[in-house]
Structures are given as C-alpha cells and as structure tokens.
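Chemist: The structure file start.txt (compact mmCIF, C-alpha atoms) is provided below.
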```txt
# COMPACT_ATOMS: atom_id res chain seq x y z
CA MET A 1218 35.79 -11.43 -103.97
CA ARG A 1219 37.09 -9.61 -100.93
CA THR A 1220 40.31 -10.58 -99.17
CA ARG A 1221 39.88 -11.00 -95.38
CA THR A 1222 42.78 -10.14 -93.15
CA THR A 1223 41.39 -13.20 -92.24
CA LEU A 1224 32.24 -12.55 -60.63
CA THR A 1225 32.37 -9.32 -59.73
CA ILE A 1226 32.28 -5.96 -61.37
CA ALA A 1227 32.79 -2.73 -59.44
CA ALA A 1228 29.40 -1.58 -58.20
CA ALA A 1229 29.86 1.83 -59.76
CA ALA A 1230 30.39 0.28 -63.18
CA LEU A 1231 27.14 -1.67 -62.98
CA ALA A 1232 25.15 1.25 -61.60
CA MET A 1233 25.68 3.83 -64.32
CA ALA A 1234 22.88 6.37 -64.24
CA PRO A 1235 20.77 6.12 -67.40
CA ALA A 1236 20.32 9.90 -67.27
CA ALA A 1237 23.98 10.27 -68.18
CA TRP A 1238 23.44 8.14 -71.28
CA ALA A 1239 21.16 10.52 -73.16
CA LEU A 1240 21.16 10.34 -76.95
CA GLN A 1241 23.14 13.12 -78.61
CA ALA A 1242 23.48 13.62 -82.37
CA PRO A 1243 23.87 9.95 -83.34
CA ALA A 1244 25.97 9.22 -86.42
CA ASP A 1245 24.95 6.72 -89.08
CA LEU A 1246 27.33 3.80 -88.56
CA SER A 1247 25.15 1.29 -90.36
CA GLY A 1248 26.71 -0.94 -92.98
CA LEU A 1249 29.20 -3.77 -93.42
CA TRP A 1250 32.68 -3.39 -91.91
CA GLU A 1251 35.83 -5.48 -92.17
CA GLY A 1252 37.12 -7.17 -89.01
CA GLY A 1253 40.44 -6.18 -87.49
CA ALA A 1254 42.46 -9.43 -87.85
CA ARG A 1255 44.98 -8.35 -85.22
CA ASP A 1256 47.31 -10.11 -82.81
CA ILE A 1257 46.67 -7.54 -80.09
CA GLY A 1258 49.79 -8.37 -78.06
CA ALA A 1259 52.09 -8.17 -81.10
CA GLU A 1260 50.38 -5.00 -82.35
CA MET A 1261 50.72 -3.31 -78.96
CA GLU A 1262 54.42 -4.19 -78.94
CA ARG A 1263 54.85 -2.83 -82.47
CA ARG A 1264 53.34 0.45 -81.27
CA GLY A 1265 55.79 0.62 -78.37
CA GLN A 1266 53.08 -0.22 -75.84
CA SER A 1267 52.49 -3.18 -73.55
CA ILE A 1268 49.54 -4.96 -72.00
CA PRO A 1269 49.53 -4.37 -68.20
CA PHE A 1270 49.23 -8.01 -67.17
CA THR A 1271 48.85 -9.24 -63.62
CA GLU A 1272 51.03 -12.22 -62.77
CA LEU A 1273 48.12 -14.53 -63.59
CA GLY A 1274 47.37 -12.74 -66.85
CA ARG A 1275 51.00 -12.89 -68.00
CA GLU A 1276 51.34 -16.56 -67.09
CA ARG A 1277 48.18 -17.44 -68.98
CA TYR A 1278 49.23 -15.40 -72.03
CA GLN A 1279 52.75 -16.79 -72.18
CA ASN A 1280 51.53 -20.37 -71.83
CA VAL A 1281 48.37 -20.30 -73.91
CA ASP A 1282 47.86 -23.38 -76.08
CA LEU A 1283 46.53 -22.32 -79.47
CA ALA A 1284 45.31 -25.88 -80.00
CA LEU A 1285 42.59 -24.98 -77.47
CA ASN A 1286 41.32 -22.14 -79.67
CA PRO A 1287 37.64 -21.88 -78.64
CA ASN A 1288 36.60 -21.05 -82.20
CA GLY A 1289 38.01 -24.41 -83.29
CA TYR A 1290 35.52 -26.03 -80.93
CA CYS A 1291 32.65 -24.04 -82.42
CA LEU A 1292 32.25 -21.70 -79.45
CA PRO A 1293 31.16 -18.10 -80.13
CA PRO A 1294 34.03 -15.58 -80.39
CA GLY A 1295 32.95 -13.10 -77.72
CA PRO A 1296 32.39 -9.37 -78.31
CA SER A 1297 36.06 -8.40 -78.58
CA ARG A 1298 37.29 -11.15 -80.90
CA ALA A 1299 34.21 -10.76 -83.09
CA ILE A 1300 35.66 -7.36 -84.09
CA THR A 1301 39.42 -7.75 -83.57
CA GLY A 1302 39.29 -11.07 -85.43
CA PRO A 1303 39.25 -11.45 -89.22
CA SER A 1304 35.54 -11.70 -89.98
CA PRO A 1305 33.31 -8.82 -91.14
CA PHE A 1306 30.32 -7.52 -89.20
CA LEU A 1307 27.18 -5.58 -89.99
CA ILE A 1308 25.90 -2.63 -87.92
CA VAL A 1309 22.13 -2.07 -87.94
CA GLN A 1310 20.80 0.99 -86.09
CA SER A 1311 17.52 2.10 -84.61
CA ASP A 1312 16.66 4.55 -81.86
CA ASP A 1313 16.34 1.94 -79.11
CA VAL A 1314 18.88 -0.69 -80.16
CA VAL A 1315 22.02 -1.07 -82.25
CA ALA A 1316 22.59 -4.59 -83.54
CA LEU A 1317 26.03 -5.98 -84.36
CA LEU A 1318 25.69 -8.97 -86.68
CA HIS A 1319 28.89 -11.00 -87.05
CA GLU A 1320 29.89 -13.43 -89.75
CA ASN A 1321 32.09 -15.23 -87.19
CA HIS A 1322 29.87 -18.12 -86.08
CA GLY A 1323 26.80 -16.18 -87.21
CA VAL A 1324 26.44 -14.53 -83.80
CA TYR A 1325 24.71 -11.25 -82.96
CA ARG A 1326 24.95 -8.68 -80.19
CA PRO A 1327 22.11 -6.31 -79.33
CA VAL A 1328 23.18 -3.02 -77.76
CA TYR A 1329 20.31 -1.49 -75.78
CA MET A 1330 20.14 2.27 -76.33
CA ASP A 1331 16.97 3.03 -74.33
CA GLY A 1332 18.68 4.13 -71.09
CA ARG A 1333 18.42 0.83 -69.26
CA GLU A 1334 21.15 -0.40 -66.91
CA HIS A 1335 22.68 -3.86 -66.84
CA PRO A 1336 20.31 -6.26 -65.01
CA ALA A 1337 21.13 -6.54 -61.30
CA ASP A 1338 21.73 -10.29 -61.63
CA ILE A 1339 23.59 -10.21 -64.96
CA MET A 1340 26.87 -11.49 -63.51
CA ASP A 1341 25.08 -14.69 -62.53
CA TYR A 1342 24.25 -15.33 -66.19
CA PRO A 1343 27.40 -14.79 -68.29
CA GLN A 1344 26.93 -14.94 -72.05
CA PHE A 1345 29.43 -15.56 -74.82
CA MET A 1346 28.65 -12.14 -76.29
CA GLY A 1347 28.04 -10.47 -72.94
CA HIS A 1348 25.31 -7.94 -72.11
CA SER A 1349 25.67 -4.55 -73.80
CA ILE A 1350 24.14 -1.12 -73.16
CA GLY A 1351 25.00 1.95 -75.20
CA ARG A 1352 24.84 5.72 -75.48
CA TRP A 1353 25.88 8.47 -77.88
CA ASP A 1354 28.71 10.80 -76.91
CA GLY A 1355 28.19 13.33 -79.65
CA ALA A 1356 28.69 11.33 -82.85
CA THR A 1357 30.58 8.53 -81.06
CA LEU A 1358 28.76 5.32 -80.13
CA VAL A 1359 29.89 4.15 -76.68
CA ILE A 1360 29.09 0.56 -75.64
CA ASP A 1361 29.48 -0.88 -72.14
CA THR A 1362 29.57 -4.71 -71.98
CA VAL A 1363 29.80 -7.02 -68.97
CA ALA A 1364 29.00 -10.65 -68.07
CA ILE A 1365 31.22 -12.05 -70.84
CA ASN A 1366 31.85 -15.79 -70.72
CA GLU A 1367 35.48 -16.32 -69.69
CA ARG A 1368 35.90 -19.09 -72.27
CA THR A 1369 36.18 -16.47 -75.04
CA TRP A 1370 39.42 -14.83 -76.22
CA LEU A 1371 39.98 -11.12 -76.83
CA ASP A 1372 41.69 -11.80 -80.18
CA SER A 1373 42.59 -14.77 -82.36
CA TYR A 1374 45.99 -15.30 -80.71
CA GLY A 1375 45.18 -16.48 -77.21
CA LEU A 1376 44.61 -13.28 -75.22
CA GLU A 1377 42.40 -14.53 -72.41
CA HIS A 1378 40.37 -12.87 -69.66
CA SER A 1379 38.32 -13.67 -66.55
CA GLY A 1380 34.62 -13.41 -65.85
CA GLN A 1381 35.24 -9.93 -64.41
CA LEU A 1382 36.03 -8.45 -67.82
CA ARG A 1383 34.32 -5.22 -68.74
CA LEU A 1384 34.57 -3.70 -72.22
CA VAL A 1385 34.01 -0.06 -73.08
CA GLU A 1386 33.99 0.32 -76.87
CA ARG A 1387 33.86 3.50 -78.94
CA PHE A 1388 32.87 3.62 -82.61
CA ARG A 1389 33.53 6.85 -84.52
CA LEU A 1390 33.45 7.63 -88.23
CA LEU A 1391 36.69 9.16 -89.49
CA ASP A 1392 35.19 9.49 -92.96
CA ALA A 1393 32.36 7.84 -94.87
CA ASP A 1394 34.27 4.57 -95.28
CA THR A 1395 36.57 4.45 -92.22
CA LEU A 1396 35.42 3.50 -88.73
CA GLU A 1397 37.64 4.08 -85.72
CA TYR A 1398 37.18 1.33 -83.14
CA SER A 1399 38.61 1.89 -79.67
CA VAL A 1400 38.15 -0.69 -76.91
CA THR A 1401 39.15 -0.40 -73.26
CA TYR A 1402 39.65 -3.65 -71.34
CA GLU A 1403 39.12 -3.71 -67.59
CA ASP A 1404 39.72 -7.01 -65.76
CA PRO A 1405 41.38 -6.91 -62.29
CA GLU A 1406 42.28 -10.59 -62.46
CA PHE A 1407 44.21 -10.39 -65.73
CA PHE A 1408 45.24 -6.70 -65.97
CA THR A 1409 46.66 -4.34 -63.37
CA GLU A 1410 44.78 -1.38 -64.87
CA PRO A 1411 42.39 -0.63 -67.73
CA TRP A 1412 44.09 -0.36 -71.13
CA THR A 1413 42.95 0.61 -74.60
CA PHE A 1414 43.46 -0.78 -78.11
CA THR A 1415 42.44 1.11 -81.26
CA LEU A 1416 41.85 -0.01 -84.85
CA GLU A 1417 40.71 1.61 -88.07
CA LEU A 1418 38.17 -0.56 -89.91
CA GLU A 1419 37.19 -0.23 -93.56
CA ARG A 1420 33.69 -0.27 -94.98
CA LEU A 1421 32.99 -3.22 -97.28
CA ILE A 1422 31.13 -2.07 -100.39
CA GLY A 1423 29.34 -4.47 -102.72
CA SER A 1424 29.88 -7.36 -100.33
CA ARG A 1425 27.78 -9.34 -97.86
CA LEU A 1426 27.92 -11.57 -94.82
CA ILE A 1427 28.51 -15.23 -95.65
CA GLU A 1428 26.86 -18.03 -93.67
CA TYR A 1429 29.20 -19.48 -91.05
CA VAL A 1430 27.94 -22.72 -89.47
CA CYS A 1431 30.91 -24.13 -87.57
CA ASN A 1432 29.44 -27.50 -86.63
CA GLU A 1433 28.53 -28.20 -90.24
CA ASN A 1434 31.93 -27.71 -91.83
CA GLU A 1435 34.69 -27.33 -89.18
CA ARG A 1436 38.00 -28.21 -90.86
CA ASP A 1437 40.55 -26.49 -88.63
CA LEU A 1438 40.27 -28.64 -85.50
CA VAL A 1439 42.19 -31.59 -86.98
CA ARG A 1440 45.06 -29.23 -87.90
CA LEU A 1441 45.38 -27.56 -84.49
CA ARG A 1442 48.62 -28.46 -82.69
CA SER A 1443 49.81 -27.64 -79.20
CA THR A 1444 52.10 -24.62 -79.15
CA PRO A 1445 55.19 -23.92 -77.04
CA ALA A 1446 55.11 -21.16 -74.47
CA ARG A 1447 55.73 -17.66 -75.81
```
Reformat the file's structure so that it appears as structure tokens.
Modeler:
Amino acid sequence: MRTRTTLTIAAAALAMAPAAWALQAPADLSGLWEGGARDIGAEMERRGQSIPFTELGRERYQNVDLALNPNGYCLPPGPSRAITGPSPFLIVQSDDVVALLHENHGVYRPVYMDGREHPADIMDYPQFMGHSIGRWDGATLVIDTVAINERTWLDSYGLEHSGQLRLVERFRLLDADTLEYSVTYEDPEFFTEPWTFTLELERLIGSRLIEYVCNENERDLVRLRSTPAR
C-alpha cells in the first residue's frame, strides 16, 4: 500500500499563435505520478521566497477559513490543487491530446495539443478544471490554462485566486521516475506579478488510481472547523 503525502485575461495571452506551439521531440510522460501535498505558502517561505500578493490577495489568504474547503463540499479541486494536493494522477499521451486523470474527485483534464487556441468566448464559461492547450518545448510539456472557476484553491491550505487566473505549467522528466513540475501563476487581482512554484514528483510503480466519489462517502465535512486568521 502506498503512503500519500496525503473576467479578463490579457488579449495577448489568449491569442497565442498556434504556429509557435509546434510539436518538438515529445517525451514520454505517461504513467502514474504522486501528487505534491504541499502548503505552497509555507513551502515558499521555507525556500526563502514569498508570494507577491496584492492587498486583496493577502487579505484573503490571511483570513481564509479552512472550514470552507471546497473539496469538503465535493467541488472539483481545480488544475493546480489536483497536482499540488495529495492525490496521485495519471498522464495519458497521444499526438493530439494529453489527458490528466486525477484521483482527487475522479476529475480529468484534456490538454489539446493540435495547435488550437483557447475559444474566443472561453472566459464566459469558466470550468473547475479550466481550459488547457499545450505544446512541446523540446522534451518539456508546456500547458496554458485559463477560465478556471474561482471557487477552486491553488493548494490544500486556502490559497485562493480570481477568475482572471492563468496557469502556465511545465512538466519535464529529470529521470525515468522523477517528474519536475513547474507552475507559474498569473492573476492581477490576487498577485502583483506572475510567480512560479516547482515540485519534484515521483512515479508510482505497481499502484493504481482509486475511485473517489465524494458525495458517496464524504466524512471530513463534519470535522471541519472555522480557523483563526493567519
């Protein structure tokens, strides 16, 4: 048994030229990977770094109520927390799409690799897992995600965001069983500038995704208690 460390986007960002997203020497990232299980704010502080909050972002972070944890109410985790949180995820690759299949709430995220742009009206239809398009930068998978429902958190410890959030994620193999995950957060409402968080994730061998049906067996909600400000 394994142990789990248990609306407006800048026009330039939404108008990336597909020609610049040509496939180059894709790596094989397929397989099952352990989630990050990180308190991003605490980990940034441990590394001698800080999150560049706006006044609103800092106020929301310092006064977050963990009793309102969206996962406790059976809401999907969002694309960031699905990886920075404790649950494993499966990467499945093809030429035109990379699928991220998450144990957390049994959600999935298709990453379109066929050169398409984000739909022109995507910000009018936010999704819990956002809308993702991808490209290969050499052997690094680069994913651009927008239209992420603002009810999600970026980690399991109350790091919130607005509907303007944009994620740029990079997945790179360090060796056969180690995946470097680097994510840049851009959200002018919550952060004064884009900032980046990096994790090393381990391959899970001889394991599998386990069914996670929150509404069927949610036991945490009754134990959630309001928390004091940080």
Chemist: Contacts of Arg1277 (chain A) at 12 Å or less, counting only C-alpha atoms, minus same-chain residues fewer than 3 places along, as an NGL selection string?
Modeler: :A and (1270-1274 or 1280-1283 or 1370 or 1375-1379 or 1406-1408 or 1446-1447)
Chemist: Rank A:Gly1252, A:Phe1306, A:Asn1286, A:Glu1276 by their smallest atom-to-atom distance to Arg1425 (chain A), using all atoms listed in the file, and report the top residue only.
Modeler: A:Phe1306
Chemist: Quick one: distance from CA of Ala1299 (chain A) to CA of Asn1321 (chain A) in Å, one decimal?
Modeler: 6.4 Å
Chemist: Between CA of Asp1245 (chain A) and CA of Asp1392 (chain A), what is the distance, to one decimal in Å?
Modeler: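 Pair CA of Asp1245 (chain A) / CA of Asp1392 (chain A) returns 11.3 Å.
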Chemist: Which polymer residues have any atom within 7 Å of an atom of Ile1308 (chain A), counting only C-alpha atoms, with same-chain residues fewer than 6 positions away left out, as a list in words?
Modeler: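 Listing them by chain and then by number gives Leu1246, Ser1247, Gly1248, Leu1249, Ala1316, Leu1317 and Leu1318 of chain A.
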Chemist: Okay, now the selection with C-alpha atoms, as a PDB file, in the frame of the given file?
Modeler:
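Dumped to result00.pdb:
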```
ATOM      1  CA  LEU A1246      27.330   3.800 -88.560  1.00  0.00           C
ATOM      2  CA  SER A1247      25.150   1.290 -90.360  1.00  0.00           C
ATOM      3  CA  GLY A1248      26.710  -0.940 -92.980  1.00  0.00           C
ATOM      4  CA  LEU A1249      29.200  -3.770 -93.420  1.00  0.00           C
ATOM      5  CA  ALA A1316      22.590  -4.590 -83.540  1.00  0.00           C
ATOM      6  CA  LEU A1317      26.030  -5.980 -84.360  1.00  0.00           C
ATOM      7  CA  LEU A1318      25.690  -8.970 -86.680  1.00  0.00           C
TER       8      LEU A1318
END
```
Chemist: For Pro1287 (chain A), list every protein, DNA or RNA residue within 9 Å, evaluated using all atoms listed in the file, and leave out those in the same chain fewer than 5 positions away; present the list as a count of residues only.
Modeler: 6
Chemist: Record the distance separating CA of Arg1264 (chain A) and CA of Glu1417 (chain A), expressed in Å with one decimal.
Modeler: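 If I compute the distance from CA of Arg1264 (chain A) to CA of Glu1417 (chain A), I get 14.4 Å.
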Chemist: With all atoms listed in the file as the basis for distance, which of A:Ile1365, A:Leu1391, A:Ala1356, A:Cys1291 is at the shortest distance from Tyr1429 (chain A)?
Modeler: A:Cys1291
